[in-house]
$ cat coords32.json   # JSON, C-alpha atoms
[["chain", "number", "residue", "atom", "x", "y", "z"],
["Q", 24, "ASP", "CA", -12.41, -20.49, -20.36],
["Q", 25, "LYS", "CA", -11.21, -19.38, -16.96],
["Q", 26, "LEU", "CA", -10.32, -21.99, -14.42],
["Q", 27, "TYR", "CA", -12.51, -22.00, -11.31],
["Q", 28, "GLY", "CA", -11.10, -19.51, -8.83],
["Q", 29, "GLU", "CA", -8.64, -17.97, -11.30],
["Q", 30, "ILE", "CA", -7.98, -14.35, -10.39],
["Q", 31, "PRO", "CA", -9.36, -12.24, -13.24],
["Q", 32, "SER", "CA", -7.44, -9.34, -14.76],
["Q", 33, "LEU", "CA", -9.51, -6.23, -15.46],
["Q", 34, "ASP", "CA", -8.66, -2.94, -17.14],
["Q", 35, "LEU", "CA", -9.53, 0.08, -14.99],
["Q", 36, "ALA", "CA", -9.46, 2.23, -18.14],
["Q", 37, "ASP", "CA", -12.65, 0.43, -19.22],
["Q", 38, "PHE", "CA", -14.32, 2.05, -16.22],
["Q", 39, "THR", "CA", -12.63, 5.45, -16.25],
["Q", 40, "GLN", "CA", -12.40, 6.06, -20.02],
["Q", 41, "GLY", "CA", -14.64, 3.47, -21.69],
["Q", 42, "ASP", "CA", -18.07, 3.86, -23.16],
["Q", 43, "GLU", "CA", -21.21, 2.89, -21.22],
["Q", 44, "ASN", "CA", -20.97, -0.77, -22.29],
["Q", 45, "GLN", "CA", -17.30, -1.07, -21.25],
["Q", 46, "LYS", "CA", -18.03, 0.62, -17.95],
["Q", 47, "ASN", "CA", -20.99, -1.67, -17.20],
["Q", 48, "LYS", "CA", -18.98, -4.75, -18.17],
["Q", 49, "PHE", "CA", -16.17, -3.70, -15.84],
["Q", 50, "VAL", "CA", -18.62, -3.20, -12.96],
["Q", 51, "ALA", "CA", -20.23, -6.62, -13.55],
["Q", 52, "GLU", "CA", -16.89, -8.43, -13.85],
["Q", 53, "LEU", "CA", -15.50, -6.68, -10.78],
["Q", 54, "GLY", "CA", -18.55, -7.60, -8.73],
["Q", 55, "HIS", "CA", -18.36, -11.20, -9.95],
["Q", 56, "ALA", "CA", -14.66, -11.41, -9.11],
["Q", 57, "TYR", "CA", -15.17, -10.14, -5.58],
["Q", 58, "ASN", "CA", -18.12, -12.48, -5.04],
["Q", 59, "ASP", "CA", -16.39, -15.51, -6.59],
["Q", 60, "ILE", "CA", -12.81, -15.31, -5.32],
["Q", 61, "GLY", "CA", -12.34, -12.02, -3.49],
["Q", 62, "PHE", "CA", -9.42, -10.77, -5.59],
["Q", 63, "VAL", "CA", -8.86, -9.09, -8.93],
["Q", 64, "ALA", "CA", -5.77, -7.96, -10.84],
["Q", 65, "ILE", "CA", -6.06, -4.43, -12.24],
["Q", 66, "LYS", "CA", -4.15, -2.87, -15.12],
["Q", 67, "ASN", "CA", -4.11, 0.80, -16.15],
["Q", 68, "HIS", "CA", -4.18, 1.77, -12.48],
["Q", 69, "GLY", "CA", -2.04, 4.85, -13.09],
["Q", 70, "LEU", "CA", 1.34, 3.65, -11.81],
["Q", 71, "SER", "CA", 3.73, 3.96, -14.73],
["Q", 72, "ASP", "CA", 6.61, 1.53, -15.17],
["Q", 73, "ASP", "CA", 8.96, 4.46, -14.56],
["Q", 74, "LEU", "CA", 7.30, 5.36, -11.25],
["Q", 75, "VAL", "CA", 7.37, 1.72, -10.11],
["Q", 76, "THR", "CA", 11.08, 1.55, -10.98],
["Q", 77, "GLN", "CA", 11.75, 4.76, -9.03],
["Q", 78, "LEU", "CA", 9.76, 3.46, -6.04],
["Q", 79, "TYR", "CA", 11.74, 0.22, -5.96],
["Q", 80, "LYS", "CA", 14.99, 2.18, -6.32],
["Q", 81, "ILE", "CA", 14.39, 4.53, -3.38],
["Q", 82, "ASN", "CA", 13.28, 1.67, -1.16],
["Q", 83, "HIS", "CA", 16.26, -0.45, -2.15],
["Q", 84, "LEU", "CA", 18.49, 2.51, -1.25],
["Q", 85, "PHE", "CA", 16.75, 2.96, 2.09],
["Q", 86, "PHE", "CA", 16.77, -0.67, 3.16],
["Q", 87, "SER", "CA", 20.44, -0.93, 2.12],
["Q", 88, "LEU", "CA", 21.39, 1.74, 4.67],
["Q", 89, "PRO", "CA", 23.11, 0.62, 7.86],
["Q", 90, "THR", "CA", 20.72, -0.08, 10.72],
["Q", 91, "GLU", "CA", 22.16, 2.78, 12.77],
["Q", 92, "LEU", "CA", 20.95, 5.21, 10.06],
["Q", 93, "LYS", "CA", 17.58, 3.54, 9.44],
["Q", 94, "ILE", "CA", 16.60, 3.74, 13.11],
["Q", 95, "ASN", "CA", 16.77, 7.54, 12.87],
["Q", 96, "TYR", "CA", 13.50, 7.26, 10.94],
["Q", 97, "GLU", "CA", 11.75, 5.10, 13.52],
["Q", 98, "ASP", "CA", 9.40, 6.83, 15.95],
["Q", 99, "PRO", "CA", 8.04, 4.47, 18.65],
["Q", 100, "SER", "CA", 5.70, 7.20, 19.88],
["Q", 101, "ASN", "CA", 3.49, 6.85, 16.79],
["Q", 102, "PHE", "CA", 3.21, 3.05, 17.23],
["Q", 103, "GLY", "CA", 4.64, 2.32, 13.82],
["Q", 104, "GLN", "CA", 2.09, 4.37, 11.87],
["Q", 105, "ARG", "CA", 4.75, 6.33, 9.96],
["Q", 106, "GLY", "CA", 8.38, 5.86, 9.05],
["Q", 107, "TYR", "CA", 10.68, 2.90, 9.57],
["Q", 108, "ILE", "CA", 9.75, -0.21, 11.51],
["Q", 109, "GLY", "CA", 12.78, -2.36, 12.25],
["Q", 110, "LYS", "CA", 13.54, -6.02, 11.79],
["Q", 111, "GLY", "CA", 11.42, -8.37, 13.86],
["Q", 112, "LYS", "CA", 9.41, -5.60, 15.54],
["Q", 113, "GLU", "CA", 6.04, -6.54, 14.10],
["Q", 114, "HIS", "CA", 4.41, -9.77, 15.15],
["Q", 115, "ALA", "CA", 0.99, -11.22, 14.54],
["Q", 116, "LYS", "CA", -1.63, -11.27, 17.28],
["Q", 117, "GLY", "CA", -0.99, -14.09, 19.70],
["Q", 118, "ARG", "CA", 2.65, -14.57, 18.61],
["Q", 119, "LYS", "CA", 5.77, -13.60, 20.52],
["Q", 120, "THR", "CA", 8.23, -14.09, 17.67],
["Q", 121, "GLY", "CA", 8.60, -11.08, 15.37],
["Q", 122, "ASP", "CA", 8.25, -11.34, 11.62],
["Q", 123, "LEU", "CA", 11.42, -11.60, 9.54],
["Q", 124, "LYS", "CA", 10.92, -8.31, 7.75],
["Q", 125, "GLU", "CA", 11.39, -4.56, 8.04],
["Q", 126, "PHE", "CA", 9.23, -1.91, 6.42],
["Q", 127, "TYR", "CA", 8.44, 1.76, 5.95],
["Q", 128, "HIS", "CA", 5.05, 3.43, 6.40],
["Q", 129, "ILE", "CA", 3.87, 6.35, 4.30],
["Q", 130, "GLY", "CA", 0.45, 7.78, 5.11],
["Q", 131, "GLN", "CA", -2.04, 10.40, 4.03],
["Q", 132, "GLN", "CA", -0.82, 13.95, 3.38],
["Q", 133, "VAL", "CA", -3.78, 16.16, 4.31],
["Q", 134, "ARG", "CA", -3.50, 19.37, 2.29],
["Q", 135, "ASP", "CA", -6.99, 20.84, 2.33],
["Q", 136, "GLY", "CA", -7.41, 21.97, 5.94],
["Q", 137, "ASP", "CA", -9.43, 18.87, 6.90],
["Q", 138, "LYS", "CA", -9.40, 18.51, 10.71],
["Q", 139, "ILE", "CA", -8.63, 14.79, 10.32],
["Q", 140, "LYS", "CA", -4.99, 15.92, 9.93],
["Q", 141, "ASP", "CA", -4.83, 16.34, 13.71],
["Q", 142, "GLU", "CA", -5.44, 12.60, 14.10],
["Q", 143, "TYR", "CA", -2.65, 11.51, 11.73],
["Q", 144, "PRO", "CA", 1.02, 11.48, 12.62],
["Q", 145, "ASP", "CA", 3.28, 13.31, 10.20],
["Q", 146, "ASN", "CA", 5.14, 11.31, 7.60],
["Q", 147, "ILE", "CA", 8.82, 10.75, 8.25],
["Q", 148, "TRP", "CA", 11.17, 11.22, 5.31],
["Q", 149, "PRO", "CA", 14.81, 10.08, 4.95],
["Q", 150, "GLU", "CA", 15.72, 13.38, 3.29],
["Q", 151, "ALA", "CA", 19.34, 13.42, 4.42],
["Q", 152, "GLU", "CA", 20.12, 10.09, 2.76],
["Q", 153, "ILE", "CA", 17.55, 9.98, -0.06],
["Q", 154, "PRO", "CA", 16.30, 13.51, -0.89],
["Q", 155, "GLU", "CA", 13.99, 12.24, -3.66],
["Q", 156, "TYR", "CA", 12.21, 9.73, -1.41],
["Q", 157, "LYS", "CA", 9.34, 12.02, -0.39],
["Q", 158, "ALA", "CA", 8.33, 13.15, -3.89],
["Q", 159, "ILE", "CA", 8.42, 9.64, -5.38],
["Q", 160, "ALA", "CA", 6.66, 7.95, -2.45],
["Q", 161, "LEU", "CA", 3.89, 10.56, -2.34],
["Q", 162, "GLU", "CA", 3.33, 10.37, -6.09],
["Q", 163, "ALA", "CA", 2.96, 6.59, -5.81],
["Q", 164, "TYR", "CA", 0.68, 6.87, -2.76],
["Q", 165, "GLU", "CA", -1.60, 9.42, -4.41],
["Q", 166, "THR", "CA", -1.72, 7.48, -7.70],
["Q", 167, "ILE", "CA", -2.75, 4.28, -5.94],
["Q", 168, "GLU", "CA", -5.30, 6.18, -3.85],
["Q", 169, "LYS", "CA", -6.91, 7.63, -7.00],
["Q", 170, "ALA", "CA", -7.18, 4.14, -8.48],
["Q", 171, "GLY", "CA", -8.74, 2.93, -5.24],
["Q", 172, "ILE", "CA", -11.39, 5.65, -5.40],
["Q", 173, "GLN", "CA", -12.29, 4.58, -8.95],
["Q", 174, "MET", "CA", -12.55, 0.97, -7.77],
["Q", 175, "LEU", "CA", -14.89, 2.04, -4.98],
["Q", 176, "ARG", "CA", -17.02, 3.93, -7.50],
["Q", 177, "ALA", "CA", -17.38, 0.74, -9.54],
["Q", 178, "ILE", "CA", -18.25, -1.21, -6.38],
["Q", 179, "ALA", "CA", -20.87, 1.39, -5.47],
["Q", 180, "ILE", "CA", -22.55, 0.95, -8.86],
["Q", 181, "TYR", "CA", -22.42, -2.83, -8.48],
["Q", 182, "LEU", "CA", -24.13, -2.51, -5.09],
["Q", 183, "GLY", "CA", -26.87, -0.31, -6.55],
["Q", 184, "LEU", "CA", -25.62, 2.85, -4.85],
["Q", 185, "GLU", "CA", -24.79, 6.26, -6.28],
["Q", 186, "GLU", "CA", -21.40, 6.12, -8.00],
["Q", 187, "SER", "CA", -19.94, 8.71, -5.61],
["Q", 188, "TYR", "CA", -21.37, 7.00, -2.49],
["Q", 189, "PHE", "CA", -17.93, 6.20, -1.00],
["Q", 190, "ASP", "CA", -16.14, 9.40, -2.07],
["Q", 191, "ASN", "CA", -16.72, 11.42, 1.11],
["Q", 192, "LYS", "CA", -16.14, 8.31, 3.26],
["Q", 193, "VAL", "CA", -12.60, 7.84, 1.95],
["Q", 194, "HIS", "CA", -11.63, 11.50, 1.48],
["Q", 195, "ASN", "CA", -8.30, 11.90, 3.33],
["Q", 196, "GLY", "CA", -8.62, 8.27, 4.36],
["Q", 197, "ASN", "CA", -6.09, 6.57, 6.59],
["Q", 198, "SER", "CA", -4.49, 4.28, 4.01],
["Q", 199, "ILE", "CA", -0.85, 3.26, 4.29],
["Q", 200, "LEU", "CA", 1.75, 2.64, 1.59],
["Q", 201, "ARG", "CA", 3.98, -0.05, 3.07],
["Q", 202, "PRO", "CA", 7.20, -1.00, 1.26],
["Q", 203, "ILE", "CA", 8.40, -4.24, 2.90],
["Q", 204, "HIS", "CA", 11.95, -5.61, 2.86],
["Q", 205, "TYR", "CA", 12.41, -9.32, 3.50],
["Q", 206, "PHE", "CA", 16.07, -9.09, 4.44],
["Q", 207, "PRO", "CA", 18.54, -11.90, 3.75],
["Q", 208, "ILE", "CA", 18.92, -14.46, 6.52],
["Q", 209, "ASP", "CA", 22.53, -15.43, 7.08],
["Q", 210, "ASN", "CA", 21.93, -18.44, 9.26],
["Q", 211, "PRO", "CA", 18.39, -19.83, 9.40],
["Q", 212, "TYR", "CA", 19.44, -22.30, 12.11],
["Q", 213, "ASP", "CA", 19.92, -19.39, 14.52],
["Q", 214, "LEU", "CA", 16.24, -18.41, 14.24],
["Q", 215, "PRO", "CA", 13.46, -19.46, 16.60],
["Q", 216, "ASP", "CA", 11.57, -22.51, 15.35],
["Q", 217, "ASP", "CA", 8.39, -20.50, 14.75],
["Q", 218, "ALA", "CA", 10.07, -17.60, 12.91],
["Q", 219, "VAL", "CA", 8.41, -16.71, 9.60],
["Q", 220, "ARG", "CA", 8.55, -13.83, 7.13],
["Q", 221, "ALA", "CA", 4.99, -12.67, 7.92],
["Q", 222, "ALA", "CA", 2.76, -14.62, 10.28],
["Q", 223, "GLU", "CA", -0.97, -14.92, 9.72]]
$ encode --input "coords32.json" --output "structure tokens"
Amino acid sequence: DKLYGEIPSLDLADFTQGDENQKNKFVAELGHAYNDIGFVAIKNHGLSDDLVTQLYKINHLFFSLPTELKINYEDPSNFGQRGYIGKGKEHAKGRKTGDLKEFYHIGQQVRDGDKIKDEYPDNIWPEAEIPEYKAIALEAYETIEKAGIQMLRAIAIYLGLEESYFDNKVHNGNSILRPIHYFPIDNPYDLPDDAVRAAE
């Protein structure tokens, strides 16, 4: 028996590779989870353990760089939509104190001539310091995006829509992969009283 409000764990392979009964069960359980608690844990989403390890490695390497190198990959003109965003630069609406984190934004790579490309800033890659960053980050981004499309297909079925209903609505969508680094704090007593890792 599941505890009330426990986040269920579902297997995406039941939807993508299962028989009709497995697929229908996945759809029903996904719909129930979103109605009941709003969250679900998904396995068989496509990210291999090796790819996850590589993704953590390249981001550890990047965030370990000296600040004077990291800021080379920060572009204020794109309002933080791509590349590096430095420590304390993001703050929640209505707050003046910046969050105690730094992060890196990777966005959609439009490769099919879609005019939406003109609306997206180019990705920024730390190729001089970490030549493998681009290939690993894009593989992770695209893998997660494919899983998201399958999830939307299951949601469409749950809502009584055609399975492909959301496909053209999310094609070349403006999702962001956002590795976040919660850097060590040497002296917490030097921080503003309202400083937090990530404000609401």
$ atom_distance --input "coords32.json" --atom1 "atom CA of Q:Asp145" --atom2 "atom CA of Q:Leu88"
22.2 Å
$ residues_around --input "coords32.json" --residues "Q:Gln131" --least-positions-apart "6" --cutoff "7 Å" --atoms "all atoms listed in the file" --output "mmCIF file with C-alpha atoms, keeping the file's coordinate frame"
data_model
loop_
_atom_site.group_PDB
_atom_site.id
_atom_site.type_symbol
_atom_site.label_atom_id
_atom_site.label_comp_id
_atom_site.auth_asym_id
_atom_site.auth_seq_id
_atom_site.Cartn_x
_atom_site.Cartn_y
_atom_site.Cartn_z
ATOM 1 C CA ASN Q 195 -8.300 11.900 3.330
ATOM 2 C CA GLY Q 196 -8.620 8.270 4.360
ATOM 3 C CA ASN Q 197 -6.090 6.570 6.590
ATOM 4 C CA SER Q 198 -4.490 4.280 4.010
#
$ closest_residue --input "coords32.json" --among "Q:Ala222, Q:Ile139, Q:Ala170, Q:Leu78" --to "Q:Arg201" --atoms "all atoms listed in the file"
Q:Leu78
$ residues_near_point --input "coords32.json" --point "(-9.6, 13.1, 2.0)" --cutoff "12 Å" --atoms "all atoms listed in the file" --output "PyMOL selection string"
chain Q and resi 130-140+165+168-169+172+189-198
$ closest_atom_pairs --input "coords32.json" --of "stretch 138-164 of chain Q" --to "stretch 51-69 of chain Q" --cutoff "12 Å" --atoms "all atoms listed in the file" --output "tab-separated table"
residue	atom	partner	partner_atom	distance
Q:Glu162	CA	Q:Gly69	CA	10.4
Q:Ala163	CA	Q:Gly69	CA	9.0
Q:Tyr164	CA	Q:Gly69	CA	10.9
$ atom_distance --input "coords32.json" --atom1 "atom CA of Q:Ile129" --atom2 "atom CA of Q:Ile167"
12.4 Å
$ atom_distance --input "coords32.json" --atom1 "atom CA of Q:Arg105" --atom2 "atom CA of Q:Asn146"
5.5 Å
$ closest_residue --input "coords32.json" --among "Q:Gly41, Q:Val50, Q:Phe126, Q:Ser100" --to "Q:Lys112" --atoms "all atoms listed in the file"
Q:Phe126
$ residues_around --input "coords32.json" --residues "Q:Gly121" --least-positions-apart "2" --cutoff "10 Å" --atoms "only C-alpha atoms" --output "ChimeraX atom specification"
/Q:110-115,118-119,123-124,215,217-222
$ write_last_selection --input "coords32.json" --atoms "C-alpha atoms" --output "PDB file, in the frame of the given file"
ATOM      1  CA  LYS Q 110      13.540  -6.020  11.790  1.00  0.00           C
ATOM      2  CA  GLY Q 111      11.420  -8.370  13.860  1.00  0.00           C
ATOM      3  CA  LYS Q 112       9.410  -5.600  15.540  1.00  0.00           C
ATOM      4  CA  GLU Q 113       6.040  -6.540  14.100  1.00  0.00           C
ATOM      5  CA  HIS Q 114       4.410  -9.770  15.150  1.00  0.00           C
ATOM      6  CA  ALA Q 115       0.990 -11.220  14.540  1.00  0.00           C
ATOM      7  CA  ARG Q 118       2.650 -14.570  18.610  1.00  0.00           C
ATOM      8  CA  LYS Q 119       5.770 -13.600  20.520  1.00  0.00           C
ATOM      9  CA  LEU Q 123      11.420 -11.600   9.540  1.00  0.00           C
ATOM     10  CA  LYS Q 124      10.920  -8.310   7.750  1.00  0.00           C
ATOM     11  CA  PRO Q 215      13.460 -19.460  16.600  1.00  0.00           C
ATOM     12  CA  ASP Q 217       8.390 -20.500  14.750  1.00  0.00           C
ATOM     13  CA  ALA Q 218      10.070 -17.600  12.910  1.00  0.00           C
ATOM     14  CA  VAL Q 219       8.410 -16.710   9.600  1.00  0.00           C
ATOM     15  CA  ARG Q 220       8.550 -13.830   7.130  1.00  0.00           C
ATOM     16  CA  ALA Q 221       4.990 -12.670   7.920  1.00  0.00           C
ATOM     17  CA  ALA Q 222       2.760 -14.620  10.280  1.00  0.00           C
TER      18      ALA Q 222
END
